[in-house]
Amino acid sequence: MSEEQVKNLEKQFEERIARDEKIEPKDWMPEKYRQTHIRQMSQHAHSEIVGMLPEGNWITRAPSLRRKVALLAKVQDEAGHGLYLYSACETLGISRDELYEQLHSGKAKYSSIFNYPTVTWADMGAIGWLVDGAAIINQVPLCNTSFGPYARAMVRVCKEESFHQRQGYEIMIKLMNGTQEQKDMAQDALNRWWWPSLMMLGPTDAESVHTEQSMKWKLKRKSNDDLRQQFIDQTVPQADLIGLVIPDPDLKWNEERGSHDFGEINWDEFWQVVKGHGPMNKERMKARVGAWEGGEWVRDAAMAYSEKQQERKEKEAI
Amino acid sequence: MSEEQVKNLEKQFEERIARDEKIEPKDWMPEKYRQTHIRQMSQHAHSEIVGMLPEGNWITRAPSLRRKVALLAKVQDEAGHGLYLYSACETLGISRDELYEQLHSGKAKYSSIFNYPTVTWADMGAIGWLVDGAAIINQVPLCNTSFGPYARAMVRVCKEESFHQRQGYEIMIKLMNGTQEQKDMAQDALNRWWWPSLMMLGPTDAESVHTEQSMKWKLKRKSNDDLRQQFIDQTVPQADLIGLVIPDPDLKWNEERGSHDFGEINWDEFWQVVKGHGPMNKERMKARVGAWEGGEWVRDAAMAYSEKQQERKEKEAI
Amino acid sequence: MKENLYKYILGIADNSLILGQRMGALTGHGPSLETDIACTNISLDLFGQVRSYYQYAAKIAGDKRTEDDIAMLRQEREYLNVLLVEQPDTDFAYTMARQFLFDVYHFLFLTELQKSTDLTLSAIANKSIKEVSYHQRFSSDWIKRLGDGTEESHKRMQTAINDLWTYTDELFHQTDADKAMISEGIGVDVSKLKEAYYKKVSDILEESTLEVPESKYFQKGGKQGIHTEHMGYILAELQYMQRAYPNMEW
Amino acid sequence: MKENLYKYILGIADNSLILGQRMGALTGHGPSLETDIACTNISLDLFGQVRSYYQYAAKIAGDKRTEDDIAMLRQEREYLNVLLVEQPDTDFAYTMARQFLFDVYHFLFLTELQKSTDLTLSAIANKSIKEVSYHQRFSSDWIKRLGDGTEESHKRMQTAINDLWTYTDELFHQTDADKAMISEGIGVDVSKLKEAYYKKVSDILEESTLEVPESKYFQKGGKQGIHTEHMGYILAELQYMQRAYPNMEW
């Protein structure tokens, strides 16, 4: 293709996006669009899969059967989200094995929040309420993103996430209506998850690298700082309502802005965790790589069996 | 050596034993004597080592610090007994690796009692009281056995075993002085360990294969049935004293014999377990073989390091 | 309180509880995302069944006992599950073999339980059997894939089947509660399921190029509450929260 | 009750409790009978120390609390051990690396604690330091054997050291209880042990042909009761009997 032809295609492509048309896998797209989507969708998929681990940690110890069932269902949903998202990625011409390889080698990222440990049952509440809450704020705008398979996956994911978020909040309510020990447990979980949740919405706009291009492609519709503000303004009253105290002495309502002012985020911690030095980064990767490598003989067997079955069918067909 | 010379040596050998002289590793001995001792001492050593597992199972869950310390010390003593006994075996010209190989391949036996699971804390009491109790009855006569290293090892082992036995009985006393739950736990443990303990003293005399020769060599001084009777007569009053009921409806004092009559032992179960089909045979061997195979690289490293150190010393000496 | 009915229900439900607990522990660690989802789903189904059974048991107990008390506040000797379901996940072959050896039984059992004169039990059976039919298909498929897959997978699956075989006979032992419930038309006579079970299991093993073990020696004890050494560790986790924070609501 | 002294004692004793628990779990599973005996012995020594500390803590608490209540009836967030001691026994290299990285600290710490103006603490330190000196010799020897043994053992030991290194810095963090006790002449200023520690550790690593990790990133939290995900499972076993059978004597 001549340079001009490419430019022309690009122009038509950008116009389609501007008209809110969906881009589908078989449509022409700029290479960078493809790469950016693979990066973002796979990062999202990896986050779902790694995100199973901190919650999976409490399945055997859930305090009631009802909670155990709900937790199992939630973690299963996350696996399901991972599955759609990997499939959406695959429509862009990359295999799931390659995506795993990127995760396991550390080339691909996943949400840093999953590098914190789940140390009490209340963390199941905090994760649902805060982590899924922040995720929804990130993800709702993606239901209208330009790439069709991603947008459709997001519609389904967001519906389930908001169910999970209510469920998490409900765990917190129950704890706050319980004994002093339970209240302390809930408050302690909020203390530990609050700041990492704010960090989940990404670095400050000044430090954020992909924003401009992503805005254009509707991979992003608000800046990180705006999303963070939205999250805080939404969450603070929820905490107040059930008697939880946000662990930020600088937090206060700013009448003028109609928003909460809040304290400074420890970005050193953020970057430490992103770079692989959080409390659980090594453990999480050990678990994922361990599952993958330990499962190799199983996948090989399934493949061999399926080939044998195919051969048998072919022989019978002759 | 001529046949006559050998006969002569054998005669002198038997006379030494009859005079209660100790046979030492460097003395001449009949090959069968050597083999029998390797078999019996290694079986005894293996029993100590495998016997660490059922009790080791409760170390992390001991109900008090005092009990945890006592249990650790006890299991450590068992490892120590294993160590002396393997060493005593080695004086007869067999290596510890060969002995392990015999254990792991199933060629060598160990006490069948360790193929039962330890399912409650009370089992720590029952094992000390009953299993160590039966072991002592088996072993006390061996303090005067003809082979010097074995006899000396047994003196030390018996001293420690009788400490363990008192400790086990003391666990039972404490339980029987406790709540109803604790009493039930103690009774339940007795119910499960009583019959296997009786079986520990070996098959009935009619079925026992090695007895006659072993008597001559003082590897055995009483028949299995006599030892069993001694164990029962000793243990029944101990049970009575603390309110435990021996789980044998046929048990009763026989005034005439001055001994207890008792019910029939389920020898089918005994042989099933001996043949490798008890509740825990596979698990026990899996644990031992796993430790051994998993530790190979460690032993190799220690060997390599020690060779390197030796080389360095030699170089320095030049 | 109807002691026999209560015990009978526990005898059924405890199997699902412990197997569900085992399967739930694997979540996030499966050999592929698809199997991970399926295993979690099996766990979920089993715990769903468990809740129905224990809720019914709590009603029969008629005191303050809740489903969670029954699930998490008994001592080890009071759990009545068979030894099979508490066996460890040595590798994925063991996990699938355990599941398969239980599923085939479970399906036959529920088929009969649907005919129970106890309407609650027959309703639970009726609801559960669809799930269990799916479990059985899933685990059978894996027996075939691993049995007739690679040399390594064949070896591993044969080892797992050989090891777990020893726990199958107990499935067909009658307890006293069983006998009482059979006589009332409520309970299933498990001894009558044995032939169909070994037939079905053998067929699938053979189709999977696996040998049917011939051992005559079997383990038992679970139905009398005498478990293997794994059970204590399972319960330590299962009961952790209820024990550490007694009398609270979650 | 002297709150700071009480917390200070727990901060010391909990390390030995959790490390002792980890080492005790290995009994019967060691790579050789001799190492098995030695590891069991380390566990035994540590639990002996733990008893002295908690008995003293119980006295200070001055209520009905016993050594066992303190050891086994706290919630996870109330245990104050460093993260290092709760790390798992991935292989024997990890076990020895964890022991070594703790022993070097432990020896330096007890050397100072012997000078405490609190006579009970100095007496415990005085009694314990002989044991810990032996532990340090044992674990250092294994660092050398594995570091300078075979290629495989070298690699495993380097991996273990690299992984566990991230938990060493926390050993030298001062807690509030530390500060209060230092000012009273009771406590040890751990921050002053840091240099000697890294010097000693580095010397032995170098002698063992191992690289001294250069990471600047460290983990913390244990001293504030925020543990790794391993801790809950350790406690589930440690507390099992006391939780399942409350208020009984053993």
# chains A, B, ... in the order shown; residues from 1 in each chain; ligands from 1
call {"tool": "residues_around", "arguments": {"residues": "range 166-173 of chain B", "least_positions_apart": "2", "cutoff": "8 Å", "atoms": "only C-alpha atoms", "output": "list in words"}}
result
Ala122, Met124, Gly125, Ala126, Ile127, Gly128, Trp129, Ser162, Phe163, His164, Leu175, Met176, Asn177, Ala186 and Ile242 of chain B; Trp250 of chain D
call {"tool": "write_last_selection", "arguments": {"atoms": "N, CA and C atoms", "output": "compact mmCIF listing (two decimals), in the first residue's frame"}}
result
# COMPACT_ATOMS: atom_id res chain seq x y z
N ALA B 122 -5.73 -37.39 71.62
CA ALA B 122 -5.64 -38.48 72.58
C ALA B 122 -4.78 -39.62 72.05
N MET B 124 -1.95 -39.34 70.93
CA MET B 124 -0.59 -39.12 71.44
C MET B 124 -0.45 -39.78 72.82
N GLY B 125 -1.53 -39.74 73.58
CA GLY B 125 -1.52 -40.42 74.86
C GLY B 125 -1.52 -41.94 74.67
N ALA B 126 -2.42 -42.40 73.81
CA ALA B 126 -2.56 -43.85 73.61
C ALA B 126 -1.28 -44.46 73.05
N ILE B 127 -0.64 -43.76 72.14
CA ILE B 127 0.59 -44.31 71.56
C ILE B 127 1.67 -44.41 72.62
N GLY B 128 1.82 -43.35 73.41
CA GLY B 128 2.83 -43.40 74.46
C GLY B 128 2.55 -44.53 75.44
N TRP B 129 1.33 -44.56 75.88
CA TRP B 129 0.95 -45.52 76.90
C TRP B 129 0.98 -46.96 76.38
N SER B 162 10.63 -45.82 78.50
CA SER B 162 9.77 -45.91 79.67
C SER B 162 9.39 -44.51 80.15
N PHE B 163 10.26 -43.56 79.87
CA PHE B 163 9.88 -42.16 80.10
C PHE B 163 8.71 -41.77 79.18
N HIS B 164 8.82 -42.16 77.93
CA HIS B 164 7.74 -41.86 76.98
C HIS B 164 6.43 -42.51 77.39
N LEU B 175 -6.60 -36.24 80.40
CA LEU B 175 -7.87 -36.26 79.64
C LEU B 175 -8.99 -36.83 80.51
N MET B 176 -8.69 -37.88 81.25
CA MET B 176 -9.72 -38.52 82.07
C MET B 176 -10.11 -37.66 83.26
N ASN B 177 -9.27 -36.70 83.60
CA ASN B 177 -9.64 -35.72 84.63
C ASN B 177 -10.28 -34.48 84.04
N ALA B 186 -10.32 -39.75 75.02
CA ALA B 186 -9.37 -40.74 75.56
C ALA B 186 -9.90 -42.15 75.34
N ILE B 242 -7.86 -45.16 85.89
CA ILE B 242 -8.27 -43.83 85.46
C ILE B 242 -9.63 -43.83 84.78
N TRP D 250 -4.73 -29.66 79.36
CA TRP D 250 -4.15 -30.76 78.59
C TRP D 250 -2.94 -31.37 79.26
call {"tool": "residues_around", "arguments": {"residues": "range 32-37 of chain C", "least_positions_apart": "3", "cutoff": "8 Å", "atoms": "only C-alpha atoms", "output": "list in words"}}
result
Gln76, Ala79, Gly80, Leu83, Trp292, Gly295 and Arg299 of chain A; Leu26, Thr27, Gly28, His29, Thr40 and Asn41 of chain C
call {"tool": "residues_around", "arguments": {"residues": "range 43-45 of chain A", "least_positions_apart": "4", "cutoff": "9 Å", "atoms": "only C-alpha atoms", "output": "number ranges by chain"}}
result
A: 38-39, 49-50, 79, 81-86, 89, 103, 108-111
call {"tool": "write_last_selection", "arguments": {"atoms": "C-alpha atoms", "output": "PDB file, in the first residue's frame"}}
result
ATOM      1  CA  ILE A  38      -3.855  -6.288  22.894  1.00  0.00           C
ATOM      2  CA  ARG A  39      -1.886  -4.615  25.664  1.00  0.00           C
ATOM      3  CA  ILE A  49      -6.845 -14.206  36.545  1.00  0.00           C
ATOM      4  CA  VAL A  50      -4.314 -12.977  39.075  1.00  0.00           C
ATOM      5  CA  ALA A  79     -12.202 -16.602  35.672  1.00  0.00           C
ATOM      6  CA  HIS A  81     -14.134 -12.518  32.664  1.00  0.00           C
ATOM      7  CA  GLY A  82     -10.591 -13.617  32.010  1.00  0.00           C
ATOM      8  CA  LEU A  83     -11.897 -16.053  29.466  1.00  0.00           C
ATOM      9  CA  TYR A  84     -13.961 -13.472  27.477  1.00  0.00           C
ATOM     10  CA  LEU A  85     -11.134 -11.006  27.565  1.00  0.00           C
ATOM     11  CA  TYR A  86      -8.535 -13.474  26.365  1.00  0.00           C
ATOM     12  CA  CYS A  89      -7.613 -10.505  22.508  1.00  0.00           C
ATOM     13  CA  LEU A 103       2.321 -12.479  31.918  1.00  0.00           C
ATOM     14  CA  ALA A 108       2.640  -7.881  30.592  1.00  0.00           C
ATOM     15  CA  LYS A 109       1.278  -6.153  33.655  1.00  0.00           C
ATOM     16  CA  TYR A 110      -1.796  -6.778  35.740  1.00  0.00           C
ATOM     17  CA  SER A 111      -3.540  -4.627  38.267  1.00  0.00           C
TER      18      SER A 111
END
call {"tool": "interface_residues", "arguments": {"of": "chain C", "to": "chain A", "cutoff": "9 Å", "atoms": "only C-alpha atoms", "output": "NGL selection string"}}
result
:C and (21-22 or 24-34 or 36-38 or 40-41 or 43-45 or 47-48 or 50-51 or 67-69 or 71-72 or 91-93 or 142 or 144-154 or 234 or 236-242 or 245 or 248-250)
call {"tool": "residues_around", "arguments": {"residues": "Glu211 in chain D", "least_positions_apart": "2", "cutoff": "10 Å", "atoms": "only C-alpha atoms", "output": "VMD selection string"}}
result
chain D and resid 147 158 161 to 162 202 205 to 209 213 to 214
call {"tool": "write_last_selection", "arguments": {"atoms": "all heavy atoms", "output": "compact mmCIF listing (two decimals), in the first residue's frame"}}
result
# COMPACT_ATOMS: atom_id res chain seq x y z
N GLY D 147 25.60 -23.70 49.29
CA GLY D 147 26.15 -22.66 48.41
C GLY D 147 27.35 -23.18 47.64
O GLY D 147 27.46 -22.98 46.43
N GLN D 158 20.92 -19.88 46.19
CA GLN D 158 20.93 -18.48 45.75
C GLN D 158 19.48 -17.97 45.57
O GLN D 158 19.16 -16.86 45.98
CB GLN D 158 21.71 -18.34 44.43
CG GLN D 158 21.89 -16.90 43.99
CD GLN D 158 22.87 -16.14 44.90
OE1 GLN D 158 24.03 -16.51 45.03
NE2 GLN D 158 22.39 -15.07 45.55
N ILE D 161 18.00 -17.35 49.03
CA ILE D 161 18.55 -16.13 49.63
C ILE D 161 17.94 -14.90 48.94
O ILE D 161 17.51 -13.96 49.61
CB ILE D 161 20.09 -16.13 49.52
CG1 ILE D 161 20.71 -17.19 50.44
CG2 ILE D 161 20.66 -14.74 49.83
CD1 ILE D 161 20.69 -16.84 51.93
N ASN D 162 17.89 -14.94 47.64
CA ASN D 162 17.32 -13.79 46.92
C ASN D 162 15.87 -13.54 47.34
O ASN D 162 15.48 -12.40 47.57
CB ASN D 162 17.34 -14.03 45.40
CG ASN D 162 18.76 -14.03 44.85
OD1 ASN D 162 19.71 -13.68 45.57
ND2 ASN D 162 18.92 -14.42 43.60
N SER D 202 26.86 -11.24 54.94
CA SER D 202 27.58 -11.13 53.67
C SER D 202 28.85 -11.97 53.70
O SER D 202 29.18 -12.64 52.72
CB SER D 202 27.94 -9.67 53.40
OG SER D 202 26.76 -8.90 53.35
N LEU D 205 27.84 -15.54 53.19
CA LEU D 205 27.38 -15.77 51.81
C LEU D 205 28.58 -15.81 50.87
O LEU D 205 28.68 -16.68 50.01
CB LEU D 205 26.40 -14.69 51.37
CG LEU D 205 25.03 -14.69 52.06
CD1 LEU D 205 24.14 -13.58 51.49
CD2 LEU D 205 24.33 -16.04 51.92
N GLU D 206 29.50 -14.89 51.07
CA GLU D 206 30.67 -14.87 50.18
C GLU D 206 31.51 -16.12 50.36
O GLU D 206 31.94 -16.73 49.37
CB GLU D 206 31.49 -13.60 50.42
CG GLU D 206 30.89 -12.42 49.64
CD GLU D 206 31.35 -11.06 50.14
OE1 GLU D 206 32.40 -11.00 50.83
OE2 GLU D 206 30.66 -10.06 49.85
N GLU D 207 31.71 -16.51 51.59
CA GLU D 207 32.46 -17.74 51.83
C GLU D 207 31.76 -18.93 51.17
O GLU D 207 32.41 -19.90 50.77
CB GLU D 207 32.56 -17.97 53.35
CG GLU D 207 33.61 -19.01 53.71
CD GLU D 207 33.57 -19.39 55.19
OE1 GLU D 207 33.19 -18.53 56.03
OE2 GLU D 207 33.91 -20.54 55.50
N SER D 208 30.46 -18.81 51.03
CA SER D 208 29.67 -19.91 50.44
C SER D 208 29.55 -19.77 48.93
O SER D 208 28.73 -20.45 48.32
CB SER D 208 28.28 -19.93 51.06
OG SER D 208 28.35 -19.81 52.45
N THR D 209 30.34 -18.87 48.35
CA THR D 209 30.31 -18.58 46.90
C THR D 209 28.95 -18.08 46.43
O THR D 209 28.61 -18.22 45.26
CB THR D 209 30.72 -19.80 46.04
OG1 THR D 209 29.65 -20.74 46.02
CG2 THR D 209 31.99 -20.45 46.55
N PRO D 213 22.56 -10.31 47.70
CA PRO D 213 21.55 -9.58 46.91
C PRO D 213 21.71 -8.07 47.09
O PRO D 213 22.14 -7.61 48.14
CB PRO D 213 20.23 -10.07 47.49
CG PRO D 213 20.53 -11.34 48.16
CD PRO D 213 21.92 -11.22 48.67
N GLU D 214 21.34 -7.36 46.03
CA GLU D 214 21.50 -5.91 46.11
C GLU D 214 20.18 -5.16 46.15
O GLU D 214 20.16 -3.94 46.04
CB GLU D 214 22.34 -5.42 44.93
CG GLU D 214 23.82 -5.76 45.12
CD GLU D 214 24.67 -5.21 44.00
OE1 GLU D 214 24.15 -4.43 43.18
OE2 GLU D 214 25.86 -5.57 43.96
call {"tool": "residues_around", "arguments": {"residues": "Ser140 in chain D", "least_positions_apart": "5", "cutoff": "10 Å", "atoms": "only C-alpha atoms", "output": "VMD selection string"}}
result
chain D and resid 96 to 97 99 to 101 103 to 104 134 to 135 145 to 146 201 204 to 205 208
call {"tool": "write_last_selection", "arguments": {"atoms": "N, CA, C and O atoms", "output": "CSV table (one decimal), in the first residue's frame"}}
result
chain,number,residue,atom,x,y,z
D,96,MET,N,16.8,-23.6,55.3
D,96,MET,CA,18.1,-23.2,55.9
D,96,MET,C,18.4,-21.7,55.8
D,96,MET,O,18.9,-21.1,56.7
D,97,ALA,N,18.0,-21.1,54.6
D,97,ALA,CA,18.2,-19.7,54.4
D,97,ALA,C,17.4,-18.9,55.4
D,97,ALA,O,17.9,-17.9,56.0
D,99,GLN,N,16.4,-19.9,58.3
D,99,GLN,CA,17.0,-20.1,59.6
D,99,GLN,C,18.2,-19.2,59.8
D,99,GLN,O,18.4,-18.6,60.8
D,100,PHE,N,19.1,-19.3,58.8
D,100,PHE,CA,20.3,-18.5,58.8
D,100,PHE,C,20.1,-17.0,59.0
D,100,PHE,O,20.6,-16.3,59.8
D,101,LEU,N,19.2,-16.5,58.1
D,101,LEU,CA,18.9,-15.1,58.1
D,101,LEU,C,18.3,-14.7,59.5
D,101,LEU,O,18.4,-13.5,59.9
D,103,ASP,N,18.8,-16.5,62.4
D,103,ASP,CA,19.8,-16.9,63.5
D,103,ASP,C,20.8,-15.7,63.7
D,103,ASP,O,21.2,-15.4,64.8
D,104,VAL,N,21.3,-15.2,62.6
D,104,VAL,CA,22.4,-14.2,62.7
D,104,VAL,C,21.8,-13.0,63.5
D,104,VAL,O,22.4,-12.4,64.4
D,134,TYR,N,24.4,-22.3,68.7
D,134,TYR,CA,24.4,-23.6,68.0
D,134,TYR,C,23.5,-23.5,66.7
D,134,TYR,O,24.0,-24.0,65.7
D,135,HIS,N,22.4,-22.9,66.8
D,135,HIS,CA,21.5,-22.8,65.6
D,135,HIS,C,22.3,-22.1,64.5
D,135,HIS,O,22.2,-22.5,63.3
D,145,ARG,N,27.5,-25.5,52.8
D,145,ARG,CA,27.4,-26.8,52.1
D,145,ARG,C,26.6,-26.6,50.8
D,145,ARG,O,26.9,-27.2,49.8
D,146,LEU,N,25.5,-25.9,50.9
D,146,LEU,CA,24.6,-25.9,49.7
D,146,LEU,C,25.1,-24.8,48.8
D,146,LEU,O,25.1,-25.0,47.5
D,201,VAL,N,26.3,-11.7,57.6
D,201,VAL,CA,25.6,-12.4,56.6
D,201,VAL,C,26.4,-12.4,55.3
D,201,VAL,O,26.6,-13.5,54.7
D,204,ILE,N,29.4,-14.7,55.3
D,204,ILE,CA,29.1,-16.1,55.1
D,204,ILE,C,28.6,-16.4,53.7
D,204,ILE,O,29.0,-17.5,53.2
D,205,LEU,N,27.8,-15.5,53.2
D,205,LEU,CA,27.4,-15.8,51.8
D,205,LEU,C,28.6,-15.8,50.9
D,205,LEU,O,28.7,-16.7,50.0
D,208,SER,N,30.5,-18.8,51.0
D,208,SER,CA,29.7,-19.9,50.4
D,208,SER,C,29.6,-19.8,48.9
D,208,SER,O,28.7,-20.5,48.3
call {"tool": "closest_residue", "arguments": {"among": "C:Tyr53, C:Tyr233, C:Phe218, C:Phe172", "to": "chain D", "atoms": "only C-alpha atoms"}}
result
C:Tyr233
call {"tool": "decode", "arguments": {"residues": "range 206-286 of chain A", "atoms": "C-alpha atoms", "output": "compact mmCIF listing (two decimals), in the first residue's frame"}}
result
# COMPACT_ATOMS: atom_id res chain seq x y z
CA ALA A 206 0.97 14.33 34.72
CA GLU A 207 2.68 10.93 34.88
CA SER A 208 0.29 8.99 32.70
CA VAL A 209 1.74 7.96 29.35
CA HIS A 210 -0.99 6.54 27.18
CA THR A 211 -3.77 8.98 27.83
CA GLU A 212 -4.11 11.16 24.75
CA GLN A 213 -4.15 8.41 22.16
CA SER A 214 -6.41 6.32 24.35
CA MET A 215 -8.91 9.14 24.65
CA LYS A 216 -9.17 9.35 20.91
CA TRP A 217 -9.84 5.64 20.59
CA LYS A 218 -12.29 5.76 23.49
CA LEU A 219 -10.11 3.38 25.43
CA LYS A 220 -10.20 6.10 27.97
CA ARG A 221 -12.85 8.76 28.40
CA LYS A 222 -11.82 10.49 31.58
CA SER A 223 -8.43 11.19 33.07
CA ASN A 224 -7.06 9.09 35.93
CA ASP A 225 -7.41 11.99 38.34
CA ASP A 226 -11.04 12.54 37.36
CA LEU A 227 -11.81 8.88 37.82
CA ARG A 228 -10.10 8.90 41.19
CA GLN A 229 -12.12 11.90 42.29
CA GLN A 230 -15.28 10.15 41.17
CA PHE A 231 -14.33 7.05 43.13
CA ILE A 232 -13.63 9.02 46.28
CA ASP A 233 -16.81 11.05 46.06
CA GLN A 234 -18.82 7.90 45.56
CA THR A 235 -17.14 5.86 48.29
CA VAL A 236 -16.84 8.32 51.17
CA PRO A 237 -20.59 8.51 51.86
CA GLN A 238 -20.80 4.71 51.68
CA ALA A 239 -18.15 4.49 54.39
CA ASP A 240 -19.88 7.15 56.49
CA LEU A 241 -23.19 5.39 56.22
CA ILE A 242 -21.95 2.28 58.00
CA GLY A 243 -19.59 3.98 60.43
CA LEU A 244 -16.28 3.30 58.73
CA VAL A 245 -13.59 5.99 58.85
CA ILE A 246 -11.57 6.68 55.71
CA PRO A 247 -7.91 6.52 56.78
CA ASP A 248 -7.02 9.95 55.44
CA PRO A 249 -6.72 12.84 57.89
CA ASP A 250 -6.72 15.32 54.99
CA LEU A 251 -9.99 14.10 53.59
CA LYS A 252 -12.72 16.73 53.71
CA TRP A 253 -15.65 17.98 51.71
CA ASN A 254 -14.80 20.94 49.52
CA GLU A 255 -18.03 22.87 49.20
CA GLU A 256 -16.72 25.01 46.38
CA ARG A 257 -15.60 22.13 44.15
CA GLY A 258 -18.52 19.99 45.23
CA SER A 259 -15.98 17.25 45.78
CA HIS A 260 -13.72 15.80 48.43
CA ASP A 261 -10.20 17.06 48.95
CA PHE A 262 -7.88 14.26 49.93
CA GLY A 263 -4.36 13.59 51.14
CA GLU A 264 -1.31 12.78 49.16
CA ILE A 265 -0.91 9.34 47.67
CA ASN A 266 2.35 7.49 48.32
CA TRP A 267 3.46 7.15 44.73
CA ASP A 268 6.75 5.58 45.75
CA GLU A 269 4.80 2.63 47.03
CA PHE A 270 2.79 2.58 43.80
CA TRP A 271 5.88 2.40 41.62
CA GLN A 272 7.57 -0.12 43.88
CA VAL A 273 4.61 -2.46 43.48
CA VAL A 274 4.29 -1.81 39.74
CA LYS A 275 7.94 -2.64 39.30
CA GLY A 276 7.43 -6.01 40.92
CA HIS A 277 8.42 -5.35 44.51
CA GLY A 278 5.05 -5.31 46.24
CA PRO A 279 4.24 -7.61 49.14
CA MET A 280 2.88 -10.38 46.95
CA ASN A 281 4.25 -9.91 43.42
CA LYS A 282 6.56 -12.90 43.63
CA GLU A 283 3.97 -15.12 45.26
CA ARG A 284 1.34 -14.26 42.69
CA MET A 285 3.62 -15.05 39.80
CA LYS A 286 4.84 -18.20 41.52
